[in-house]
Structure formats: structure tokens, C-alpha cells
Amino acid sequence: MSGLADRLAGRRVIVCAGAGGVGKTTVSAAVAMSLAMRGLRVAVVTIDPARRLAESLGLVALDNVPRRIDPALLVPVGIERPGELWAMMLDAKRTFDELIGQLSPDERTRDAVLANGIYEQLSGAVAGSQEYTAMAKLYEVACDPRFDAIVLDTPPSRNAVDFLTAPDRLTSFLDGRALNVFLAPAGLARVTAIGASVTFAGLRRLTGVGLLDDLAVFFRTLGGLTEGFRLRAAAVRDLLAAPATTFLIVASPEPGPSEEAVYFAGRLRAAGLPFGGLVVNRVHPLDPAEEDQAATAKRLEGALGPPLARRVARAHAELQVLARRDAAGIERLAARLGDPDPMLVQDLDSDVHDLSALAAVEAQLSGTRRRPGALRTPS
């Protein structure tokens with residue numbers, strides 16, 4: 001057996017990555033639910049702008065602070081004490097502001113950065129890319145003693161690759177020549193001198209913005225935070241590579257998401273990060289009876305009547321074409337990723353919008369051993 005429980009044994013940080021539109025957020029929530037069913041206190045973090053996590057947990061909304069799901073709602077789906085399920089949705093701008101506060105040596109430095117006009121623009125741009133703030137939030141939640149495990153729902157896979165490299169890129173920026181020029185005393189003096197020129201004084205009067213003054217103050221203040229950023233980046237890099245961390249790649253049987261999964265798995269290997277397994281979502285299940293269309297229609301005639309039985313048999317035959325295509329695609333993908341027993345979740349009739357439906361997904365992830373195309377339907 002190579003189900004979810006086996007793959008996550010001894011893991012505390014689980015990162016779910018994959019292409020957009022494959023149900024990665026739902027899978028992340030189901031993984032968190034599975035861990036909570038085993039008695040763990042689990043936090044699931046999403047940065048999905050569609051806010052599907054809140055819907056799947058039966059909540060109206062989530063914010064930047066982990067919120068505990070009402071224990072009374074969890075009992076019917078198999079989560080009882082000591083298990084706990086928490087959830088949050090990343091607020092990128094707020095997380096970046098909080099990071100500045102954590103790394104600032106004092107309140108005066110923190111307030112100077114947060115009030116600076118350049119910081120307002122820069123933090124919005126950085127927060128918009130999400131990977132920096134996802135990195136910061138993952139580390140923050142991982143350090144929270146309230147949680148035994150953390151499940152992270154990442155951006156679509158190309159951006160998730162940016163998430164993987166964010167610590168190194170942040171360090172490169174802090175060590176770059178351009179920033180060091182501004183941080184050097186001569187560099188700041190040069191900025192101040194330019195700011196005093198007639199041209200920029202005129203610009204200041206026209207716009208009401210002291211651009212170069214803000215630049216000088218911002219970079220001077222930032223100079224006191226660079227070491228903190230470097231240490232945080234190194235800590236996140238160590239967290240991602242730690243033995244207690246694993247990555248689950250979520251895909252669907254279609255060629256596009258499958259190629260994204262292969263690409264991301266290659267980046268994981270190149271970075272020396274642990275691949276915990278493949279989850280293939282939205283799979284059309286094969287009918288083990290393997291009847292042809294005529295035989296199916298004949299079997300259904302007594303219950304449905306001949307006309308309706310023929311229509312149902314035709315729809316069933318078309319579904320089996322999709323199921324065989326899925327099975328072949330899953331077999332190829334599993335071979336390319338080196339996972340002979342991927343976890344399969346069948347295509348559902350409706351969106352996962354409550355805890356009961358989420359529990360059905362969890363049941364498939366935690367089911368008995370499966371071969372591609374043959375799924376256990378949850379009871």
C-alpha cells in the first residue's frame with residue numbers, strides 16, 4: 001500500500017503544487033483533513049485567489065490569520081479530539097508588512113519603512129507576485145507551536161517554481177550591486193545631491209512627491225534589515241529541504257497539466273527537494289464490467305425500458321472512452337515521475353463546497369491500493 005498516510009508519515013510540512021485548474025486547493029484541504037483525522041493539529045494555507053478553500057470548508061471567507069474550523073462541524077466527517085483543522089488565506093500585502101515588523105530592530109525603523117512611499121509601491125509589487133509572501137507565511141506558520149502539520153496550497157506550478165527559488169532570488173537581490181550602491185554612504189550622498197538639483201526640485205513641486213528623498217530614506221532604512229532578510233531566506237531554504245518536508249504534485253489526466261507536473265518534478269529534483277508523490281485529480285473511472293454498448297443497453301432494458309437504456313448505454317460508452325484515455329495518460333505520467341502507484345481522485349459530479357464532499361475526496365486519497373483507471377468509490 002502506498003496511500004496518503006504512508007507518504008506523509010513523519011512529515012510536518014506538505015507543499016501541494018500543480019497547474020492551475022486541476023483542483024489543487026481542494027486536494028490541499030483534503031490532505032489537511034486526512035492529517036487531522038489522524039489526531040494532528042493541522043493548518044492549511046492557500047493563496048488561491050478564487051477562495052475555494054473557504055468554500056470547501058464550509059466557511060464564508062478566510063483571511064491572513066489561521067482560523068480553527070468549528071470542532072462540532074468536524075465530528076461528522078471523522079475528526080475528533082485531539083485532531084484540529086485550521087485554515088487561512090494569504091493576504092500578500094499584510095504578510096509583507098508583518099515581515100518588515102518582525103525583521104525591524106525597533107518600532108521606529110518599522111514605522112519608517114511602512115510609511116515610506118517607495119515601500120508602498122515596492123511592497124505592492126512584491127506582494128502581487130505572491131511567492132515572497134508565501135515563503136514568509138509558510139515559515140511563520142511552521143514556527144507556530146499550535147500546529148503539528150502545515151499544508152501549503154501553492155500558486156499554479158510555474159509560479160510555484162518561483163516559490164521554490166524565492167529564498168535564493170531574495171538573497172541575490174540583497175547582495176546585488178545596485179542595492180549596495182544605494183546602501184553605501186557615497187551612494188546615499190549622491191542621491192541626496194541629485195535630489196537637491198533644480199530639475200528634481202521642480203518635479204517635486206509639480207507632483208507633490210519627494211521621490212528621491214523617499215528613495216534615500218527607504219534604502220537607508222532597508223540597510224538595517226538586509227541581514228534579517230538573509231537569515232529568513234536561509235531558514236526557509238532549510239525548511240523546504242528538511243526531512244520533515246515533502247512535495248505532492250497535483251495533476252489531471254489531460255496533456256497540459258501532465259506536462260506541468262513533469263516540469264515541476266524536474267525542478268524539484270534539480271533543487272534537491274523531496275518528491276512525496278503524485279495526485280491525479282478528476283479521473284474518469286473505468287467500469288470493471290467492460291461490457292460493450294449493446295450489452296449494457298440489454299442489461300438496463302428491464303429497469304429503464306429500451307429507448308432510455310440505449311441512451312444511457314451510449315453515454316456510458318462515451319464515458320469509458322474518456323476513462324481509457326485517462327488510464328493511459330496516468331500510466332505515462334506515473335512512469336515519467338517515477339511514482340508507480342499515484343493517488344487517484346475521480347471526477348466528481350459537482351464542486352467540492354462542504355466538509356462532507358471534502359471527506360469524500362479524502363477517502364479516495366487514503367483508499368486501498370489502486371491501479372490507474374480503477375478507483376474505489378467512497379462510501
# chains A, B, ... in the order shown; residues from 1 in each chain; ligands from 1
$ residues_around --residues "region 319-336 of chain A" --least-positions-apart "2" --cutoff "7 Å" --atoms "only C-alpha atoms" --output "PDB file with N, CA and C atoms, in the first residue's frame"
ATOM      1  N   PRO A 253      -5.510  14.214 -15.765  1.00  0.00           N
ATOM      2  CA  PRO A 253      -5.011  13.344 -16.834  1.00  0.00           C
ATOM      3  C   PRO A 253      -4.729  14.041 -18.164  1.00  0.00           C
ATOM      4  N   SER A 258      -0.383  17.481 -17.200  1.00  0.00           N
ATOM      5  CA  SER A 258       0.616  16.421 -17.030  1.00  0.00           C
ATOM      6  C   SER A 258       2.018  16.935 -17.350  1.00  0.00           C
ATOM      7  N   VAL A 283     -10.308  12.163 -12.418  1.00  0.00           N
ATOM      8  CA  VAL A 283     -10.131  10.966 -13.253  1.00  0.00           C
ATOM      9  C   VAL A 283     -11.490  10.331 -13.530  1.00  0.00           C
ATOM     10  N   HIS A 284     -11.728   9.968 -14.789  1.00  0.00           N
ATOM     11  CA  HIS A 284     -12.942   9.228 -15.148  1.00  0.00           C
ATOM     12  C   HIS A 284     -12.712   7.747 -14.840  1.00  0.00           C
ATOM     13  N   PRO A 285     -13.533   7.128 -13.993  1.00  0.00           N
ATOM     14  CA  PRO A 285     -13.283   5.735 -13.590  1.00  0.00           C
ATOM     15  C   PRO A 285     -13.706   4.729 -14.647  1.00  0.00           C
ATOM     16  N   LEU A 286     -12.920   3.700 -14.779  1.00  0.00           N
ATOM     17  CA  LEU A 286     -13.262   2.606 -15.685  1.00  0.00           C
ATOM     18  C   LEU A 286     -14.312   1.697 -15.058  1.00  0.00           C
ATOM     19  N   ALA A 315     -24.174   6.980 -23.478  1.00  0.00           N
ATOM     20  CA  ALA A 315     -23.444   7.910 -22.604  1.00  0.00           C
ATOM     21  C   ALA A 315     -22.364   7.179 -21.816  1.00  0.00           C
ATOM     22  N   HIS A 316     -22.695   5.968 -21.349  1.00  0.00           N
ATOM     23  CA  HIS A 316     -21.719   5.172 -20.596  1.00  0.00           C
ATOM     24  C   HIS A 316     -20.531   4.805 -21.473  1.00  0.00           C
ATOM     25  N   ALA A 317     -20.781   4.447 -22.718  1.00  0.00           N
ATOM     26  CA  ALA A 317     -19.695   4.081 -23.630  1.00  0.00           C
ATOM     27  C   ALA A 317     -18.778   5.270 -23.890  1.00  0.00           C
ATOM     28  N   GLY A 338       8.211   8.628 -11.937  1.00  0.00           N
ATOM     29  CA  GLY A 338       8.774   7.595 -11.080  1.00  0.00           C
ATOM     30  C   GLY A 338       7.897   7.242  -9.899  1.00  0.00           C
ATOM     31  N   ASP A 339       6.576   7.385 -10.053  1.00  0.00           N
ATOM     32  CA  ASP A 339       5.635   7.034  -8.990  1.00  0.00           C
ATOM     33  C   ASP A 339       4.712   5.940  -9.536  1.00  0.00           C
ATOM     34  N   PRO A 340       4.998   4.683  -9.243  1.00  0.00           N
ATOM     35  CA  PRO A 340       4.219   3.586  -9.832  1.00  0.00           C
ATOM     36  C   PRO A 340       2.809   3.459  -9.288  1.00  0.00           C
ATOM     37  N   PRO A 342       0.294   6.194  -8.192  1.00  0.00           N
ATOM     38  CA  PRO A 342      -0.215   7.536  -7.885  1.00  0.00           C
ATOM     39  C   PRO A 342      -1.549   7.477  -7.166  1.00  0.00           C
ATOM     40  N   PRO A 372      -3.978   2.520 -12.075  1.00  0.00           N
ATOM     41  CA  PRO A 372      -4.527   3.602 -12.888  1.00  0.00           C
ATOM     42  C   PRO A 372      -5.803   3.174 -13.593  1.00  0.00           C
ATOM     43  N   GLY A 373      -6.862   3.977 -13.404  1.00  0.00           N
ATOM     44  CA  GLY A 373      -8.117   3.723 -14.077  1.00  0.00           C
ATOM     45  C   GLY A 373      -9.117   2.970 -13.218  1.00  0.00           C
TER      46      GLY A 373
END
$ closest_residue --among "A:Arg314, A:Arg38, A:Arg108, A:Arg68" --to "Ala9 (chain A)" --atoms "only C-alpha atoms"
A:Arg38
$ select_by_dssp --residues "region 200-326 of chain A" --states "strand (DSSP E)" --output "list in words"
Thr245, Thr246, Phe247, Leu248, Ile249, Val250, Ala251, Phe275, Gly276, Gly277, Leu278, Val279, Val280, Asn281, Arg282 and Val283 of chain A
$ residues_around --residues "Ile150 (chain A)" --least-positions-apart "3" --cutoff "8 Å" --atoms "only C-alpha atoms" --output "list in words"
Arg12, Val13, Ile14, Ala32, Val42, Ala43, Val44, Val45, Val141, Ala142 and Phe147 of chain A
$ select_by_dssp --residues "region 65-121 of chain A" --states "alpha helix (DSSP H)" --output "list in words"
Pro71, Ala72, Leu73, Leu74, Ala92, Lys93, Arg94, Thr95, Phe96, Asp97, Glu98, Leu99, Ile100, Gly101, Gln102, Leu103, Glu107, Arg108, Thr109, Arg110, Asp111, Ala112, Val113, Leu114, Gly117, Ile118, Tyr119, Glu120 and Gln121 of chain A
$ write_last_selection --atoms "N, CA and C atoms" --output "PDB file, in the first residue's frame"
ATOM      1  N   PRO A  71     -15.062  22.588  15.870  1.00  0.00           N
ATOM      2  CA  PRO A  71     -14.937  21.140  16.112  1.00  0.00           C
ATOM      3  C   PRO A  71     -16.248  20.391  15.929  1.00  0.00           C
ATOM      4  N   ALA A  72     -17.379  21.038  16.227  1.00  0.00           N
ATOM      5  CA  ALA A  72     -18.668  20.361  16.091  1.00  0.00           C
ATOM      6  C   ALA A  72     -18.969  20.013  14.639  1.00  0.00           C
ATOM      7  N   LEU A  73     -18.426  20.805  13.694  1.00  0.00           N
ATOM      8  CA  LEU A  73     -18.637  20.527  12.281  1.00  0.00           C
ATOM      9  C   LEU A  73     -17.753  19.388  11.779  1.00  0.00           C
ATOM     10  N   LEU A  74     -16.681  19.106  12.527  1.00  0.00           N
ATOM     11  CA  LEU A  74     -15.711  18.115  12.077  1.00  0.00           C
ATOM     12  C   LEU A  74     -16.035  16.702  12.531  1.00  0.00           C
ATOM     13  N   ALA A  92      -1.224  38.876   0.831  1.00  0.00           N
ATOM     14  CA  ALA A  92       0.180  39.089   0.488  1.00  0.00           C
ATOM     15  C   ALA A  92       0.718  40.404   1.044  1.00  0.00           C
ATOM     16  N   LYS A  93      -0.008  41.498   0.880  1.00  0.00           N
ATOM     17  CA  LYS A  93       0.464  42.800   1.351  1.00  0.00           C
ATOM     18  C   LYS A  93       0.599  42.802   2.870  1.00  0.00           C
ATOM     19  N   ARG A  94      -0.387  42.276   3.561  1.00  0.00           N
ATOM     20  CA  ARG A  94      -0.328  42.259   5.024  1.00  0.00           C
ATOM     21  C   ARG A  94       0.832  41.399   5.513  1.00  0.00           C
ATOM     22  N   THR A  95       1.058  40.265   4.856  1.00  0.00           N
ATOM     23  CA  THR A  95       2.166  39.398   5.253  1.00  0.00           C
ATOM     24  C   THR A  95       3.498  40.097   5.088  1.00  0.00           C
ATOM     25  N   PHE A  96       3.657  40.849   3.994  1.00  0.00           N
ATOM     26  CA  PHE A  96       4.917  41.552   3.776  1.00  0.00           C
ATOM     27  C   PHE A  96       5.108  42.643   4.828  1.00  0.00           C
ATOM     28  N   ASP A  97       4.032  43.339   5.183  1.00  0.00           N
ATOM     29  CA  ASP A  97       4.111  44.341   6.248  1.00  0.00           C
ATOM     30  C   ASP A  97       4.524  43.690   7.571  1.00  0.00           C
ATOM     31  N   GLU A  98       3.933  42.535   7.864  1.00  0.00           N
ATOM     32  CA  GLU A  98       4.270  41.840   9.107  1.00  0.00           C
ATOM     33  C   GLU A  98       5.722  41.392   9.109  1.00  0.00           C
ATOM     34  N   LEU A  99       6.227  40.977   7.951  1.00  0.00           N
ATOM     35  CA  LEU A  99       7.624  40.564   7.856  1.00  0.00           C
ATOM     36  C   LEU A  99       8.555  41.729   8.156  1.00  0.00           C
ATOM     37  N   ILE A 100       8.215  42.907   7.638  1.00  0.00           N
ATOM     38  CA  ILE A 100       9.009  44.100   7.957  1.00  0.00           C
ATOM     39  C   ILE A 100       9.016  44.334   9.458  1.00  0.00           C
ATOM     40  N   GLY A 101       7.853  44.191  10.089  1.00  0.00           N
ATOM     41  CA  GLY A 101       7.785  44.384  11.536  1.00  0.00           C
ATOM     42  C   GLY A 101       8.621  43.382  12.301  1.00  0.00           C
ATOM     43  N   GLN A 102       8.639  42.126  11.837  1.00  0.00           N
ATOM     44  CA  GLN A 102       9.405  41.092  12.526  1.00  0.00           C
ATOM     45  C   GLN A 102      10.911  41.307  12.398  1.00  0.00           C
ATOM     46  N   LEU A 103      11.344  41.830  11.239  1.00  0.00           N
ATOM     47  CA  LEU A 103      12.774  41.978  10.995  1.00  0.00           C
ATOM     48  C   LEU A 103      13.331  43.325  11.423  1.00  0.00           C
ATOM     49  N   GLU A 107      10.639  49.759  16.783  1.00  0.00           N
ATOM     50  CA  GLU A 107       9.391  50.291  16.239  1.00  0.00           C
ATOM     51  C   GLU A 107       9.640  51.479  15.316  1.00  0.00           C
ATOM     52  N   ARG A 108      10.628  52.278  15.639  1.00  0.00           N
ATOM     53  CA  ARG A 108      10.904  53.460  14.819  1.00  0.00           C
ATOM     54  C   ARG A 108      11.305  53.048  13.400  1.00  0.00           C
ATOM     55  N   THR A 109      12.167  52.040  13.286  1.00  0.00           N
ATOM     56  CA  THR A 109      12.575  51.558  11.968  1.00  0.00           C
ATOM     57  C   THR A 109      11.387  50.962  11.216  1.00  0.00           C
ATOM     58  N   ARG A 110      10.603  50.170  11.928  1.00  0.00           N
ATOM     59  CA  ARG A 110       9.420  49.569  11.304  1.00  0.00           C
ATOM     60  C   ARG A 110       8.482  50.637  10.748  1.00  0.00           C
ATOM     61  N   ASP A 111       8.179  51.635  11.567  1.00  0.00           N
ATOM     62  CA  ASP A 111       7.247  52.678  11.138  1.00  0.00           C
ATOM     63  C   ASP A 111       7.809  53.490   9.977  1.00  0.00           C
ATOM     64  N   ALA A 112       9.136  53.697   9.966  1.00  0.00           N
ATOM     65  CA  ALA A 112       9.756  54.465   8.884  1.00  0.00           C
ATOM     66  C   ALA A 112       9.627  53.736   7.552  1.00  0.00           C
ATOM     67  N   VAL A 113       9.803  52.415   7.578  1.00  0.00           N
ATOM     68  CA  VAL A 113       9.677  51.635   6.341  1.00  0.00           C
ATOM     69  C   VAL A 113       8.225  51.600   5.876  1.00  0.00           C
ATOM     70  N   LEU A 114       7.310  51.301   6.787  1.00  0.00           N
ATOM     71  CA  LEU A 114       5.911  51.143   6.407  1.00  0.00           C
ATOM     72  C   LEU A 114       5.292  52.439   5.893  1.00  0.00           C
ATOM     73  N   GLY A 117       6.935  56.088   0.975  1.00  0.00           N
ATOM     74  CA  GLY A 117       6.222  55.982  -0.290  1.00  0.00           C
ATOM     75  C   GLY A 117       6.793  54.931  -1.211  1.00  0.00           C
ATOM     76  N   ILE A 118       8.117  54.784  -1.236  1.00  0.00           N
ATOM     77  CA  ILE A 118       8.744  53.761  -2.082  1.00  0.00           C
ATOM     78  C   ILE A 118       8.342  52.371  -1.606  1.00  0.00           C
ATOM     79  N   TYR A 119       8.311  52.193  -0.288  1.00  0.00           N
ATOM     80  CA  TYR A 119       7.899  50.888   0.246  1.00  0.00           C
ATOM     81  C   TYR A 119       6.470  50.560  -0.164  1.00  0.00           C
ATOM     82  N   GLU A 120       5.592  51.538  -0.157  1.00  0.00           N
ATOM     83  CA  GLU A 120       4.205  51.297  -0.552  1.00  0.00           C
ATOM     84  C   GLU A 120       4.131  50.699  -1.952  1.00  0.00           C
ATOM     85  N   GLN A 121       4.918  51.267  -2.870  1.00  0.00           N
ATOM     86  CA  GLN A 121       4.917  50.762  -4.239  1.00  0.00           C
ATOM     87  C   GLN A 121       5.621  49.411  -4.338  1.00  0.00           C
TER      88      GLN A 121
END
$ atom_distance --atom1 "CA of Pro257 (chain A)" --atom2 "CA of Gly277 (chain A)"
15.5 Å
$ closest_residue --among "A:Phe275, A:Met88, A:Leu152, A:Asp292" --to "Pro243 (chain A)" --atoms "only C-alpha atoms"
A:Phe275
$ closest_residue --among "A:Thr296, A:Tyr263, A:Arg146, A:Ser34" --to "Leu8 (chain A)" --atoms "only C-alpha atoms"
A:Ser34
$ residues_around --residues "Arg11 (chain A)" --least-positions-apart "5" --cutoff "12 Å" --atoms "only C-alpha atoms" --output "PyMOL selection string"
chain A and resi 4-6+35+40+42+142+148-151+239-248+274-276
